[in-house]
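Novice: Structure: entry.txt, compact mmCIF, C-alpha atoms.
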```txt
# COMPACT_ATOMS: atom_id res chain seq x y z
CA MET O 1 5.27 -52.71 92.02
CA GLN O 2 7.51 -54.88 94.22
CA ALA O 3 4.53 -55.61 96.47
CA ALA O 4 2.56 -56.71 93.41
CA ALA O 5 5.38 -59.09 92.37
CA ARG O 6 5.03 -61.06 95.63
CA LEU O 7 1.43 -61.80 94.72
CA TYR O 8 2.24 -63.34 91.34
CA ARG O 9 2.97 -66.92 92.41
CA PRO O 10 -0.26 -67.17 94.48
CA HIS O 11 -2.03 -65.74 91.42
CA ILE O 12 -0.63 -68.51 89.21
CA GLU O 13 -1.65 -71.11 91.79
CA ALA O 14 -5.19 -69.70 91.91
CA LEU O 15 -5.31 -69.57 88.12
CA GLY O 16 -4.24 -73.23 88.02
CA VAL O 17 -7.12 -74.24 90.30
CA ARG O 18 -9.50 -72.25 88.12
CA TYR O 19 -8.26 -73.88 84.93
CA ASP O 20 -8.29 -77.36 86.48
CA THR O 21 -12.00 -76.98 87.15
CA ALA O 22 -12.70 -75.43 83.75
CA LEU O 23 -10.85 -78.14 81.84
CA GLU O 24 -12.44 -80.98 83.77
CA SER O 25 -15.96 -79.58 83.38
CA THR O 26 -15.55 -79.08 79.62
CA GLY O 27 -13.74 -82.33 78.79
CA PHE O 28 -10.18 -81.18 78.09
CA ASP O 29 -6.81 -82.33 79.44
CA ALA O 30 -4.67 -79.32 78.50
CA VAL O 31 -4.90 -75.85 77.05
CA LEU O 32 -2.61 -73.95 74.70
CA ILE O 33 -3.07 -70.16 74.80
CA GLY O 34 -1.64 -67.97 72.07
CA ALA O 35 -0.43 -64.42 72.62
CA GLY O 36 -1.78 -63.45 69.20
CA VAL O 37 0.00 -61.99 66.21
CA PRO O 38 -0.05 -58.58 64.50
CA VAL O 39 -2.72 -58.01 61.85
CA GLN O 40 -1.45 -56.60 58.57
CA ILE O 41 -3.06 -53.49 57.14
CA HIS O 42 -4.94 -54.20 53.92
CA ARG O 43 -2.82 -53.58 50.82
CA ASP O 44 0.17 -52.53 52.89
CA ASP O 45 3.31 -54.08 54.36
CA MET O 46 2.77 -52.68 57.86
CA ASP O 47 0.72 -53.95 60.79
CA TYR O 48 -1.95 -52.50 63.01
CA PRO O 49 -0.81 -51.96 66.62
CA TYR O 50 -0.43 -55.36 68.28
CA ARG O 51 -2.82 -56.27 71.10
CA PRO O 52 -2.00 -59.45 73.05
CA GLU O 53 -4.66 -62.04 73.87
CA PRO O 54 -5.99 -61.25 77.38
CA LEU O 55 -6.07 -64.91 78.47
CA PHE O 56 -2.35 -65.14 77.65
CA LEU O 57 -1.60 -61.96 79.59
CA GLN O 58 -3.42 -63.33 82.62
CA TRP O 59 -0.72 -66.01 82.89
CA ALA O 60 2.28 -64.17 81.44
CA PRO O 61 2.22 -60.35 81.34
CA LEU O 62 4.34 -60.09 78.19
CA ALA O 63 2.83 -57.39 76.00
CA ALA O 64 5.49 -57.34 73.25
CA HIS O 65 5.92 -61.00 72.35
CA PRO O 66 3.57 -61.90 69.51
CA GLY O 67 3.51 -65.54 68.49
CA SER O 68 4.36 -66.76 71.99
CA VAL O 69 2.22 -69.38 73.74
CA LEU O 70 1.48 -70.78 77.17
CA LEU O 71 0.75 -74.47 77.70
CA TYR O 72 -1.09 -75.49 80.85
CA ARG O 73 -1.64 -79.08 81.99
CA PRO O 74 -3.11 -79.81 85.42
CA GLY O 75 -0.47 -80.90 87.88
CA ARG O 76 2.44 -79.50 85.86
CA LYS O 77 4.32 -76.24 85.85
CA PRO O 78 2.90 -73.91 83.20
CA LEU O 79 5.15 -73.80 80.13
CA LEU O 80 5.77 -70.41 78.53
CA LEU O 81 7.25 -70.56 75.03
CA VAL O 82 8.54 -67.14 74.06
CA LEU O 83 8.96 -66.63 70.33
CA GLU O 84 12.15 -64.68 69.57
CA PRO O 85 12.72 -65.10 65.82
CA GLU O 86 16.06 -64.33 64.23
CA ASP O 87 15.20 -61.08 62.47
CA PHE O 88 17.43 -58.21 61.34
CA TRP O 89 14.44 -56.03 60.41
CA HIS O 90 12.95 -55.91 63.89
CA GLN O 91 14.47 -56.44 67.31
CA PRO O 92 12.66 -59.06 69.39
CA ALA O 93 11.76 -57.87 72.87
CA PRO O 94 13.60 -59.73 75.62
CA VAL O 95 11.57 -61.33 78.38
CA PRO O 96 11.55 -58.68 81.13
CA PRO O 97 12.74 -59.65 84.60
CA GLY O 98 9.95 -60.61 86.93
CA PRO O 99 8.45 -63.33 89.13
CA TRP O 100 7.26 -65.31 86.09
CA HIS O 101 10.78 -66.69 85.63
CA LYS O 102 10.29 -68.83 88.75
CA ALA O 103 6.56 -69.50 88.59
CA LEU O 104 6.61 -70.57 84.92
CA ASP O 105 8.85 -72.82 82.88
CA VAL O 106 10.13 -70.17 80.45
CA ARG O 107 11.75 -71.30 77.22
CA VAL O 108 12.72 -69.39 74.08
CA ILE O 109 11.83 -70.71 70.63
CA ARG O 110 13.04 -69.35 67.28
CA HIS O 111 10.30 -70.61 64.95
CA ARG O 112 6.58 -70.91 65.49
CA ASP O 113 6.66 -74.53 64.31
CA ASP O 114 8.79 -75.31 67.36
CA ILE O 115 5.56 -75.14 69.39
CA ARG O 116 4.70 -78.62 68.12
CA LYS O 117 7.75 -80.12 69.85
CA HIS O 118 6.35 -79.13 73.25
CA LEU O 119 2.77 -80.34 72.85
CA PRO O 120 1.56 -83.28 74.96
CA ALA O 121 2.03 -86.70 73.37
CA GLY O 122 -0.70 -89.27 72.97
CA LYS O 123 -4.44 -88.74 72.85
CA THR O 124 -4.49 -85.57 74.90
CA ARG O 125 -7.70 -83.58 74.55
CA LEU O 126 -6.18 -80.17 73.83
CA ALA O 127 -8.00 -76.83 73.73
CA VAL O 128 -6.31 -74.13 71.62
CA LEU O 129 -7.24 -70.57 72.59
CA GLY O 130 -6.53 -67.28 70.90
CA ALA O 131 -6.87 -65.45 67.58
CA PRO O 132 -7.26 -67.96 64.71
CA LEU O 133 -4.70 -66.00 62.67
CA GLN O 134 -1.90 -67.22 64.97
CA TRP O 135 -2.73 -70.87 64.28
CA ARG O 136 -3.25 -70.58 60.53
CA GLY O 137 -1.40 -73.33 58.65
CA MET O 138 -0.23 -75.14 61.80
CA ALA O 139 -2.86 -77.92 61.87
CA LEU O 140 -2.55 -78.31 65.64
CA PRO O 141 -4.10 -81.43 67.21
CA GLY O 142 -6.65 -79.58 69.29
CA ARG O 143 -10.01 -77.86 69.29
CA LEU O 144 -9.93 -74.14 68.54
CA ASN O 145 -11.65 -71.78 70.98
CA PRO O 146 -14.27 -74.14 72.43
CA LYS O 147 -17.18 -72.00 73.52
CA LEU O 148 -17.94 -73.79 76.79
CA LEU O 149 -14.35 -73.45 78.00
CA LEU O 150 -14.14 -69.78 77.01
CA THR O 151 -17.44 -69.08 78.73
CA HIS O 152 -16.25 -70.74 81.94
CA LEU O 153 -13.02 -68.73 81.91
CA ASP O 154 -14.78 -65.46 81.02
CA TYR O 155 -17.17 -65.90 83.93
CA GLU O 156 -14.31 -66.51 86.38
CA ARG O 157 -12.28 -63.57 85.08
CA ALA O 158 -14.76 -61.15 86.63
CA CYS O 159 -13.35 -61.81 90.11
CA LYS O 160 -9.75 -60.70 90.45
CA THR O 161 -6.91 -62.27 92.40
CA PRO O 162 -4.86 -60.01 94.71
CA TRP O 163 -2.15 -59.90 92.00
CA GLU O 164 -4.67 -58.61 89.48
CA VAL O 165 -5.98 -55.99 91.90
CA ALA O 166 -2.42 -54.85 92.58
CA CYS O 167 -1.78 -54.51 88.82
CA ILE O 168 -4.93 -52.41 88.43
CA GLN O 169 -3.72 -50.24 91.32
CA VAL O 170 -0.38 -49.63 89.59
CA ALA O 171 -2.18 -48.86 86.32
CA THR O 172 -4.38 -46.44 88.27
CA ALA O 173 -1.36 -44.69 89.79
CA LEU O 174 0.15 -44.28 86.33
CA GLY O 175 -3.10 -42.90 84.98
CA LEU O 176 -3.43 -40.42 87.83
CA ALA O 177 0.05 -39.09 87.10
CA GLY O 178 -1.15 -38.34 83.58
CA HIS O 179 -4.33 -36.71 84.88
CA ARG O 180 -2.38 -34.41 87.20
CA ALA O 181 -0.13 -33.30 84.37
CA VAL O 182 -3.05 -32.65 82.02
CA ARG O 183 -4.88 -30.64 84.65
CA GLN O 184 -1.88 -28.34 84.88
CA ALA O 185 -1.65 -28.18 81.10
CA PHE O 186 -5.33 -27.22 80.88
CA ALA O 187 -4.73 -24.35 83.31
CA ALA O 188 -1.79 -23.28 81.13
CA GLY O 189 -3.99 -23.10 78.02
CA CYS O 190 -2.71 -26.13 76.09
CA SER O 191 -4.63 -27.62 73.17
CA GLU O 192 -6.27 -31.05 73.14
CA TYR O 193 -3.40 -32.35 71.03
CA GLU O 194 -0.79 -31.01 73.44
CA MET O 195 -2.62 -32.41 76.46
CA GLY O 196 -2.77 -35.82 74.81
CA LEU O 197 1.00 -35.81 74.42
CA ILE O 198 1.48 -34.54 77.96
CA PHE O 199 -0.64 -37.39 79.33
CA LEU O 200 1.53 -39.96 77.56
CA ALA O 201 4.75 -38.37 78.77
CA ALA O 202 3.54 -38.14 82.37
CA CYS O 203 2.45 -41.77 82.57
CA GLY O 204 5.36 -43.10 80.48
CA GLN O 205 3.26 -44.99 77.94
CA THR O 206 2.65 -44.84 74.21
CA ASP O 207 -0.75 -44.49 72.56
CA ALA O 208 -0.65 -48.17 71.64
CA GLU O 209 0.00 -49.18 75.26
CA LEU O 210 -3.05 -47.36 76.61
CA PRO O 211 -6.07 -49.59 77.29
CA TYR O 212 -8.23 -47.30 75.11
CA PRO O 213 -7.69 -44.07 73.17
CA ALA O 214 -7.60 -41.21 75.66
CA ILE O 215 -10.53 -38.79 75.41
CA VAL O 216 -9.27 -35.21 75.69
CA ALA O 217 -12.32 -33.01 75.20
CA LEU O 218 -12.51 -29.25 75.59
CA ASN O 219 -15.78 -27.39 75.94
CA ARG O 220 -18.61 -28.72 73.72
CA ASN O 221 -16.51 -31.68 72.66
CA SER O 222 -17.23 -33.42 75.97
CA ALA O 223 -20.87 -33.78 74.88
CA THR O 224 -19.61 -36.50 72.52
CA LEU O 225 -19.20 -39.48 74.83
CA HIS O 226 -16.31 -41.12 72.95
CA TYR O 227 -14.86 -37.95 71.44
CA GLN O 228 -11.93 -39.10 69.31
CA HIS O 229 -10.24 -36.01 67.86
CA ARG O 230 -7.39 -33.89 69.17
CA ASP O 231 -7.77 -30.26 68.12
CA ARG O 232 -4.31 -28.80 67.56
CA GLN O 233 -5.33 -25.17 68.01
CA ARG O 234 -5.09 -23.49 71.37
CA ILE O 235 -8.26 -21.76 72.52
CA PRO O 236 -8.11 -18.19 73.87
CA ALA O 237 -8.48 -18.03 77.65
CA ARG O 238 -11.88 -16.33 77.48
CA GLU O 239 -13.18 -19.16 75.28
CA ARG O 240 -11.89 -22.04 77.43
CA HIS O 241 -14.67 -23.32 79.66
CA SER O 242 -14.19 -26.99 80.53
CA LEU O 243 -12.08 -30.09 80.06
CA LEU O 244 -13.17 -33.72 80.21
CA LEU O 245 -10.27 -36.18 80.36
CA ASP O 246 -11.14 -39.87 80.17
CA ALA O 247 -7.82 -41.74 80.16
CA GLY O 248 -6.21 -44.74 81.80
CA CYS O 249 -3.03 -46.81 81.62
CA THR O 250 -1.98 -50.45 81.61
CA TYR O 251 0.34 -52.40 83.86
CA SER O 252 1.23 -56.07 83.25
CA GLY O 253 -1.77 -56.28 80.95
CA TYR O 254 -4.31 -54.76 83.37
CA ALA O 255 -6.18 -51.52 82.71
CA SER O 256 -7.24 -48.48 84.66
CA ASP O 257 -10.09 -46.21 83.54
CA ILE O 258 -10.34 -42.72 85.04
CA THR O 259 -12.39 -39.67 84.10
CA ARG O 260 -12.22 -36.20 85.53
CA THR O 261 -14.00 -32.99 84.47
CA HIS O 262 -12.48 -29.59 85.18
CA SER O 263 -13.82 -26.05 85.01
CA ALA O 264 -11.61 -23.33 83.57
CA ARG O 265 -12.60 -20.95 86.34
CA ARG O 266 -14.55 -20.65 89.55
CA GLY O 267 -18.27 -20.18 89.31
CA GLU O 268 -21.44 -22.06 88.44
CA PHE O 269 -19.94 -24.88 86.41
CA ALA O 270 -17.18 -25.51 88.95
CA GLY O 271 -19.91 -25.91 91.56
CA MET O 272 -21.75 -28.35 89.31
CA VAL O 273 -18.61 -30.45 88.96
CA ARG O 274 -18.28 -30.56 92.76
CA ASP O 275 -21.91 -31.63 93.08
CA MET O 276 -21.39 -34.42 90.54
CA ASP O 277 -18.27 -35.55 92.36
CA ARG O 278 -20.23 -35.90 95.61
CA ALA O 279 -23.01 -37.78 93.80
CA GLN O 280 -20.43 -40.11 92.28
CA GLN O 281 -18.98 -40.86 95.71
CA ARG O 282 -22.44 -41.68 97.05
CA LEU O 283 -22.86 -44.16 94.20
CA CYS O 284 -19.48 -45.72 94.95
CA ALA O 285 -20.62 -46.22 98.55
CA LEU O 286 -23.49 -48.43 97.30
CA VAL O 287 -21.04 -51.00 95.90
CA CYS O 288 -21.06 -54.25 97.89
CA PRO O 289 -21.42 -58.00 97.28
CA GLY O 290 -24.85 -59.11 96.14
CA VAL O 291 -26.01 -55.80 94.69
CA ALA O 292 -27.31 -56.15 91.15
CA PHE O 293 -25.64 -53.59 88.93
CA PRO O 294 -28.94 -52.52 87.29
CA GLU O 295 -29.99 -51.31 90.76
CA LEU O 296 -26.96 -49.02 90.78
CA GLN O 297 -27.94 -47.78 87.32
CA ILE O 298 -31.32 -46.65 88.66
CA ALA O 299 -29.58 -45.08 91.66
CA ALA O 300 -27.42 -43.09 89.25
CA HIS O 301 -30.53 -41.75 87.51
CA ARG O 302 -31.92 -40.70 90.89
CA GLU O 303 -28.72 -38.80 91.60
CA ILE O 304 -28.86 -37.10 88.19
CA ALA O 305 -32.50 -36.17 88.77
CA THR O 306 -31.60 -34.65 92.13
CA LEU O 307 -28.91 -32.53 90.48
CA LEU O 308 -31.23 -31.39 87.69
CA ALA O 309 -33.74 -30.24 90.30
CA ARG O 310 -31.09 -28.58 92.48
CA TRP O 311 -29.68 -26.68 89.52
CA ASP O 312 -33.19 -25.64 88.42
CA LEU O 313 -32.74 -27.25 85.01
CA VAL O 314 -35.88 -29.38 85.23
CA ARG O 315 -38.87 -28.39 87.36
CA MET O 316 -40.13 -31.77 88.43
CA THR O 317 -39.59 -33.97 91.44
CA PRO O 318 -36.58 -36.28 91.08
CA GLU O 319 -38.91 -39.29 91.35
CA ASP O 320 -41.04 -38.08 88.43
CA MET O 321 -37.94 -37.30 86.35
CA VAL O 322 -36.71 -40.87 86.70
CA ALA O 323 -40.13 -42.44 86.20
CA ARG O 324 -40.86 -40.39 83.08
CA ARG O 325 -37.35 -40.93 81.70
CA VAL O 326 -36.35 -37.28 81.62
CA THR O 327 -32.97 -38.25 83.04
CA ASP O 328 -32.31 -40.42 79.97
CA ALA O 329 -31.72 -37.23 77.99
CA PHE O 330 -28.90 -36.25 80.33
CA LEU O 331 -27.38 -39.67 81.20
CA PRO O 332 -27.54 -41.88 78.08
CA HIS O 333 -24.88 -44.42 79.07
CA GLY O 334 -24.35 -47.11 81.68
CA LEU O 335 -22.97 -46.35 85.12
CA GLY O 336 -19.98 -48.63 84.62
CA HIS O 337 -18.50 -51.96 83.62
CA LEU O 338 -16.10 -54.67 84.71
CA LEU O 339 -12.43 -53.68 84.55
CA GLY O 340 -9.39 -55.90 84.21
CA LEU O 341 -7.43 -57.38 81.32
CA GLN O 342 -9.70 -55.38 79.04
CA VAL O 343 -11.07 -51.96 79.81
CA HIS O 344 -14.56 -53.36 79.17
CA ASP O 345 -13.80 -56.74 80.69
CA VAL O 346 -15.75 -59.80 79.63
CA GLY O 347 -18.36 -61.80 81.50
CA GLY O 348 -20.54 -58.93 82.70
CA GLY O 349 -23.73 -60.48 81.37
CA LEU O 350 -23.08 -64.18 81.94
CA ALA O 351 -25.60 -66.07 84.05
CA SER O 352 -23.17 -68.81 85.14
CA ARG O 353 -19.94 -70.63 84.25
CA ARG O 354 -21.97 -72.76 81.85
CA GLY O 355 -23.22 -69.74 79.96
CA GLY O 356 -26.54 -68.08 79.40
CA GLU O 357 -27.05 -64.34 79.30
CA LEU O 358 -28.77 -62.41 82.07
CA SER O 359 -31.63 -60.32 80.75
CA ARG O 360 -30.90 -56.63 80.46
CA PRO O 361 -33.44 -54.13 81.80
CA LYS O 362 -35.73 -52.90 79.04
CA ARG O 363 -34.81 -49.33 79.90
CA PHE O 364 -31.08 -50.06 79.69
CA PRO O 365 -30.70 -52.58 76.85
CA ARG O 366 -26.99 -51.83 76.36
CA LEU O 367 -25.90 -52.11 79.98
CA ARG O 368 -22.52 -53.86 80.02
CA LEU O 369 -22.82 -55.31 83.54
CA THR O 370 -25.95 -57.13 84.73
CA ARG O 371 -24.45 -59.65 87.17
CA PRO O 372 -24.77 -59.19 90.91
CA LEU O 373 -21.56 -57.79 92.31
CA ALA O 374 -19.20 -60.28 93.96
CA THR O 375 -16.08 -60.01 96.08
CA GLY O 376 -13.03 -59.47 93.88
CA MET O 377 -14.80 -57.70 91.03
CA VAL O 378 -13.35 -54.37 89.93
CA VAL O 379 -15.89 -52.06 88.37
CA THR O 380 -15.98 -48.50 87.13
CA ILE O 381 -18.47 -46.06 88.59
CA GLU O 382 -18.90 -43.22 86.10
CA PRO O 383 -22.08 -41.16 86.26
CA GLY O 384 -22.36 -38.35 83.74
CA LEU O 385 -24.60 -35.43 82.91
CA TYR O 386 -24.36 -33.97 79.40
CA PHE O 387 -25.90 -31.31 77.23
CA ILE O 388 -26.27 -33.29 74.00
CA ASP O 389 -28.16 -31.45 71.27
CA SER O 390 -29.88 -34.47 69.71
CA LEU O 391 -31.16 -35.79 73.05
CA LEU O 392 -32.31 -32.38 74.23
CA ALA O 393 -34.11 -31.83 70.92
CA ARG O 394 -36.04 -35.04 71.54
CA LEU O 395 -36.92 -33.84 75.04
CA ARG O 396 -38.02 -30.50 73.63
CA ARG O 397 -40.52 -32.25 71.36
CA SER O 398 -42.02 -34.18 74.28
CA SER O 399 -44.96 -33.27 76.49
CA LEU O 400 -42.52 -32.48 79.31
CA ALA O 401 -40.73 -29.68 77.46
CA ARG O 402 -42.49 -26.98 79.49
CA ARG O 403 -40.87 -28.36 82.66
CA VAL O 404 -37.37 -27.69 81.33
CA ASN O 405 -35.42 -24.48 81.93
CA TRP O 406 -34.29 -24.08 78.31
CA ARG O 407 -32.65 -20.70 78.87
CA GLN O 408 -30.39 -22.11 81.56
CA LEU O 409 -29.62 -25.17 79.46
CA ALA O 410 -28.63 -22.96 76.54
CA ALA O 411 -26.14 -21.16 78.78
CA LEU O 412 -24.63 -24.46 79.93
CA ARG O 413 -24.33 -25.93 76.44
CA ARG O 414 -20.80 -24.53 76.00
CA TYR O 415 -19.50 -26.82 78.78
CA GLY O 416 -20.49 -30.03 77.01
CA GLY O 417 -20.97 -32.17 80.08
CA ILE O 418 -19.57 -33.71 83.25
CA ARG O 419 -18.32 -37.24 83.90
CA ILE O 420 -16.49 -38.51 87.00
CA GLU O 421 -15.10 -42.06 87.00
CA ASP O 422 -13.26 -44.20 89.54
CA ASN O 423 -12.05 -47.81 89.67
CA VAL O 424 -13.78 -49.60 92.56
CA LEU O 425 -12.99 -53.00 94.11
CA VAL O 426 -15.82 -55.06 95.64
CA THR O 427 -14.68 -56.31 99.06
CA PRO O 428 -16.34 -58.86 101.38
CA THR O 429 -17.87 -56.03 103.41
CA GLY O 430 -18.30 -53.28 100.85
CA TYR O 431 -15.86 -51.55 98.55
CA ARG O 432 -12.49 -49.89 98.12
CA ASN O 433 -12.11 -46.95 95.79
CA LEU O 434 -8.75 -47.77 94.19
CA THR O 435 -8.63 -44.38 92.46
CA ARG O 436 -9.32 -42.15 95.44
CA GLU O 437 -6.87 -44.10 97.61
CA LEU O 438 -4.09 -42.99 95.29
CA GLU O 439 -5.33 -39.58 94.25
CA SER O 440 -3.72 -36.53 95.78
CA PRO O 441 -4.60 -32.86 95.19
CA LEU O 442 -2.31 -30.64 93.16
```
Rewrite the structure from the file as structure tokens, please.

Specialist:
Amino acid sequence: MQAAARLYRPHIEALGVRYDTALESTGFDAVLIGAGVPVQIHRDDMDYPYRPEPLFLQWAPLAAHPGSVLLYRPGRKPLLLVLEPEDFWHQPAPVPPGPWHKALDVRVIRHRDDIRKHLPAGKTRLAVLGAPLQWRGMALPGRLNPKLLLTHLDYERACKTPWEVACIQVATALGLAGHRAVRQAFAAGCSEYEMGLIFLAACGQTDAELPYPAIVALNRNSATLHYQHRDRQRIPARERHSLLLDAGCTYSGYASDITRTHSARRGEFAGMVRDMDRAQQRLCALVCPGVAFPELQIAAHREIATLLARWDLVRMTPEDMVARRVTDAFLPHGLGHLLGLQVHDVGGGLASRRGGELSRPKRFPRLRLTRPLATGMVVTIEPGLYFIDSLLARLRRSSLARRVNWRQLAALRRYGGIRIEDNVLVTPTGYRNLTRELESPL
């Protein structure tokens, strides 16, 4: 964490250069970025969990300061206005110690209207970014969320500064601590609910601080890709077969995203998990600058086809399985996505800083990342192979049903599926697996 702090000032300098170009190319002189505000629950006096604006966090990693803003003007020190209202119902969070106190001009304000006192005078062309709810009733002299500016910034966000990479590494280390604890809890027979709590305790975060709701799926539940429940009942040892844990953490606003699948005992499924792990590592090794992510998606289907043939689940050549879309029944999701200030970070389909969407492959119309990989991008690599009833039923109705080993598939159904996921940095010469660098065996 201390090493990451030394990278913050260069990060702010790089961000300034990026914003200078973005503002000039879109016709603005300054930008005001809001941290966002809590959203009230309908017909209630409580709020939904607060999520800060990612563009604000990129400058100032303050996750508990709603209503705060950052003002950036080229050639000037960024101004951070931290809203700390006088409130005896809730205790405002103090600004935590960190390198931002020197790199930014940090000032505390008591009322949101005080923001006006710090805005540039004269005919400054001001862009105002963030959730419209924060600006309601303020009548600020600027243009709200101009699309061209947001597009430029979203495109640039795909490539991370060393500070951002370091934050993702810390978030990854925190997530791995949770994974290690849950693996032990699974061996001890804990329920999904208990393992969810154990993950939070081990990584030292609350549910609201996680970048996404942790997926804690036992047995058949892992066949639901975004399984969202937490069964409170413990399962007898003889009925526990598998665990899929998809869970990450945040650090200074940046996310990690890690998935591991575990077998309850040695045997066939444990061997399948090892095979998938090796396939996943081969896919990670394909990451390098210039590679179009859809090419990696096809490579993932080739790996899945090879496993299906090796395990005698489908009696076809791997090439035919991919060509005839048999693998789609076992791998229905994308291989990965950009990772950063959001777990599914923005800009994955942008053609350029000026906008335009890259066409998605017809076979993979929902692929989140279609841009060629570039140095500084952090992506997830997460192949999966699942036994999903609805998709297998469709395959069973097809002309290829006779090529499928349905008896073996029926025996594997109880395991739900396998997914292995790492956070991977694109380097000038290839890649670094940020997850495996930090992972240690139990």

Novice: Can you pull out every residue within 12 Å of Leu176 of chain O, counting only C-alpha atoms, but drop anything in the same chain fewer than 2 positions away, and send it as a ChimeraX atom specification?

Specialist: /O:169-174,178-183,199-200,202-204,245-250,256-260,421-423,434-442

Novice: Find, counting all atoms listed in the file, the residue in O:Gln280, O:Thr380, O:Thr317, O:Ser68 that gets nearest to Ile109 of chain O.

Specialist: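 Closest to Ile109 of chain O, using all atoms listed in the file: O:Ser68.
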
Novice: Nearest to Gln205 of chain O: which of O:Ala177, O:Asp29, O:Val404, O:Leu150 is it, counting only C-alpha atoms?

Specialist: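 Nearest to Gln205 of chain O: O:Ala177.
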
Novice: Please provide as a ChimeraX atom specification all residues within 10 Å of segment 101-103 of chain O, with the sequence filter that same-chain residues fewer than 2 positions apart are discarded (counting only C-alpha atoms).

Specialist: /O:8-13,59-60,77-80,95-99,105-107

Novice: Neighbouring residues of Gln281 of chain O were defined as those with any atom within 12 Å, considering all atoms listed in the file; residues of the same chain fewer than 3 positions away were excluded. Please report them as number ranges by chain.

Specialist: O: 274-278, 284-287, 300, 303, 380-383, 420-424, 431-433, 435-436

Novice: Which polymer residues have any atom within 10 Å of an atom of Ala22 of chain O, counting only C-alpha atoms, with same-chain residues fewer than 5 positions away left out, as a PDB file with C-alpha atoms, in the coordinates of the input?

Specialist:
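Saved result, around-v7.pdb, follows:
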```pdb
ATOM      1  CA  GLY O  16      -4.240 -73.230  88.020  1.00  0.00           C
ATOM      2  CA  VAL O  17      -7.120 -74.240  90.300  1.00  0.00           C
ATOM      3  CA  GLY O  27     -13.740 -82.330  78.790  1.00  0.00           C
ATOM      4  CA  PHE O  28     -10.180 -81.180  78.090  1.00  0.00           C
ATOM      5  CA  LEU O 148     -17.940 -73.790  76.790  1.00  0.00           C
ATOM      6  CA  LEU O 149     -14.350 -73.450  78.000  1.00  0.00           C
ATOM      7  CA  LEU O 150     -14.140 -69.780  77.010  1.00  0.00           C
ATOM      8  CA  THR O 151     -17.440 -69.080  78.730  1.00  0.00           C
ATOM      9  CA  HIS O 152     -16.250 -70.740  81.940  1.00  0.00           C
ATOM     10  CA  LEU O 153     -13.020 -68.730  81.910  1.00  0.00           C
ATOM     11  CA  GLU O 156     -14.310 -66.510  86.380  1.00  0.00           C
ATOM     12  CA  ARG O 353     -19.940 -70.630  84.250  1.00  0.00           C
ATOM     13  CA  ARG O 354     -21.970 -72.760  81.850  1.00  0.00           C
TER      14      ARG O 354
END
```

Novice: Considering all atoms listed in the file, state which residue in the set O:Leu391, O:Leu335, O:Leu133, O:Ile418 is at the smallest distance from Leu243 of chain O.

Specialist: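 When distances to Leu243 of chain O are compared using all atoms listed in the file, the smallest one comes from O:Ile418.
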
Novice: Given the choices O:Gly130, O:Met138, O:Phe293, O:Arg363, which gets closest to Arg116 of chain O if the distance is worked out from all atoms listed in the file?

Specialist: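 Ranking O:Gly130, O:Met138, O:Phe293, O:Arg363 by distance to Arg116 of chain O, first place goes to O:Met138.
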
Novice: Pick out the residues sitting within 10 Å of Glu239 of chain O, and hand them over as a list of chain:residue names; count all atoms listed in the file, and ignore anything fewer than 4 positions along from it in its own chain.

Specialist: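 Listing them by chain and then by number gives O:Asn219, O:Arg234, O:Ile235, O:Ala264, O:Arg414.
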
Novice: Here is a test: counting all atoms listed in the file, which residue of O:Ala64, O:Met195, O:Ala208, O:Leu244 is nearest to Tyr48 of chain O?

Specialist: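 The closest residue to Tyr48 of chain O is O:Ala208.
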
Novice: Return the padded bounding box of segment 151-161 of chain O as AutoDock Vina command-line options: axis-aligned, built from all atoms listed in the file, 6 Å added on each side, with centre and edge lengths in Å to one decimal.

Specialist:
```
--center_x -12.2 --center_y -65.7 --center_z 85.6 --size_x 22.5 --size_y 22.0 --size_z 25.7
```

Novice: Restricting the calculation to all atoms listed in the file, which member of O:Ile215, O:Leu55, O:Ala187, O:Leu313 is positioned closest to Asn405 of chain O?

Specialist: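 Nearest candidate to Asn405 of chain O out of O:Ile215, O:Leu55, O:Ala187, O:Leu313: O:Leu313.
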
Novice: Please compute the atom CA of Ile41 of chain O-atom CA of Pro132 of chain O distance, one decimal, in Å.

Specialist: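 Between atom CA of Ile41 of chain O and atom CA of Pro132 of chain O the gap works out to 16.9 Å.
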
Novice: So how many Å separate atom CA of Ala185 of chain O and atom CA of Gly271 of chain O, to one decimal?

Specialist: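 So the two atoms, atom CA of Ala185 of chain O and atom CA of Gly271 of chain O, lie 21.2 Å apart.
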
Novice: For a cut-off of 8 Å around (0.5, -75.3, 63.7), file coordinates, pick out all residues using all atoms listed in the file and list them as number ranges by chain.

Specialist: O: 112-113, 115-116, 135-140

Novice: Take the residues from that selection and put them in a file with C-alpha atoms, as a PDB file, keeping the file's coordinate frame.

Specialist:
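Result file is out_28.pdb:
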```pdb
ATOM      1  CA  ARG O 112       6.580 -70.910  65.490  1.00  0.00           C
ATOM      2  CA  ASP O 113       6.660 -74.530  64.310  1.00  0.00           C
ATOM      3  CA  ILE O 115       5.560 -75.140  69.390  1.00  0.00           C
ATOM      4  CA  ARG O 116       4.700 -78.620  68.120  1.00  0.00           C
ATOM      5  CA  TRP O 135      -2.730 -70.870  64.280  1.00  0.00           C
ATOM      6  CA  ARG O 136      -3.250 -70.580  60.530  1.00  0.00           C
ATOM      7  CA  GLY O 137      -1.400 -73.330  58.650  1.00  0.00           C
ATOM      8  CA  MET O 138      -0.230 -75.140  61.800  1.00  0.00           C
ATOM      9  CA  ALA O 139      -2.860 -77.920  61.870  1.00  0.00           C
ATOM     10  CA  LEU O 140      -2.550 -78.310  65.640  1.00  0.00           C
TER      11      LEU O 140
END
```
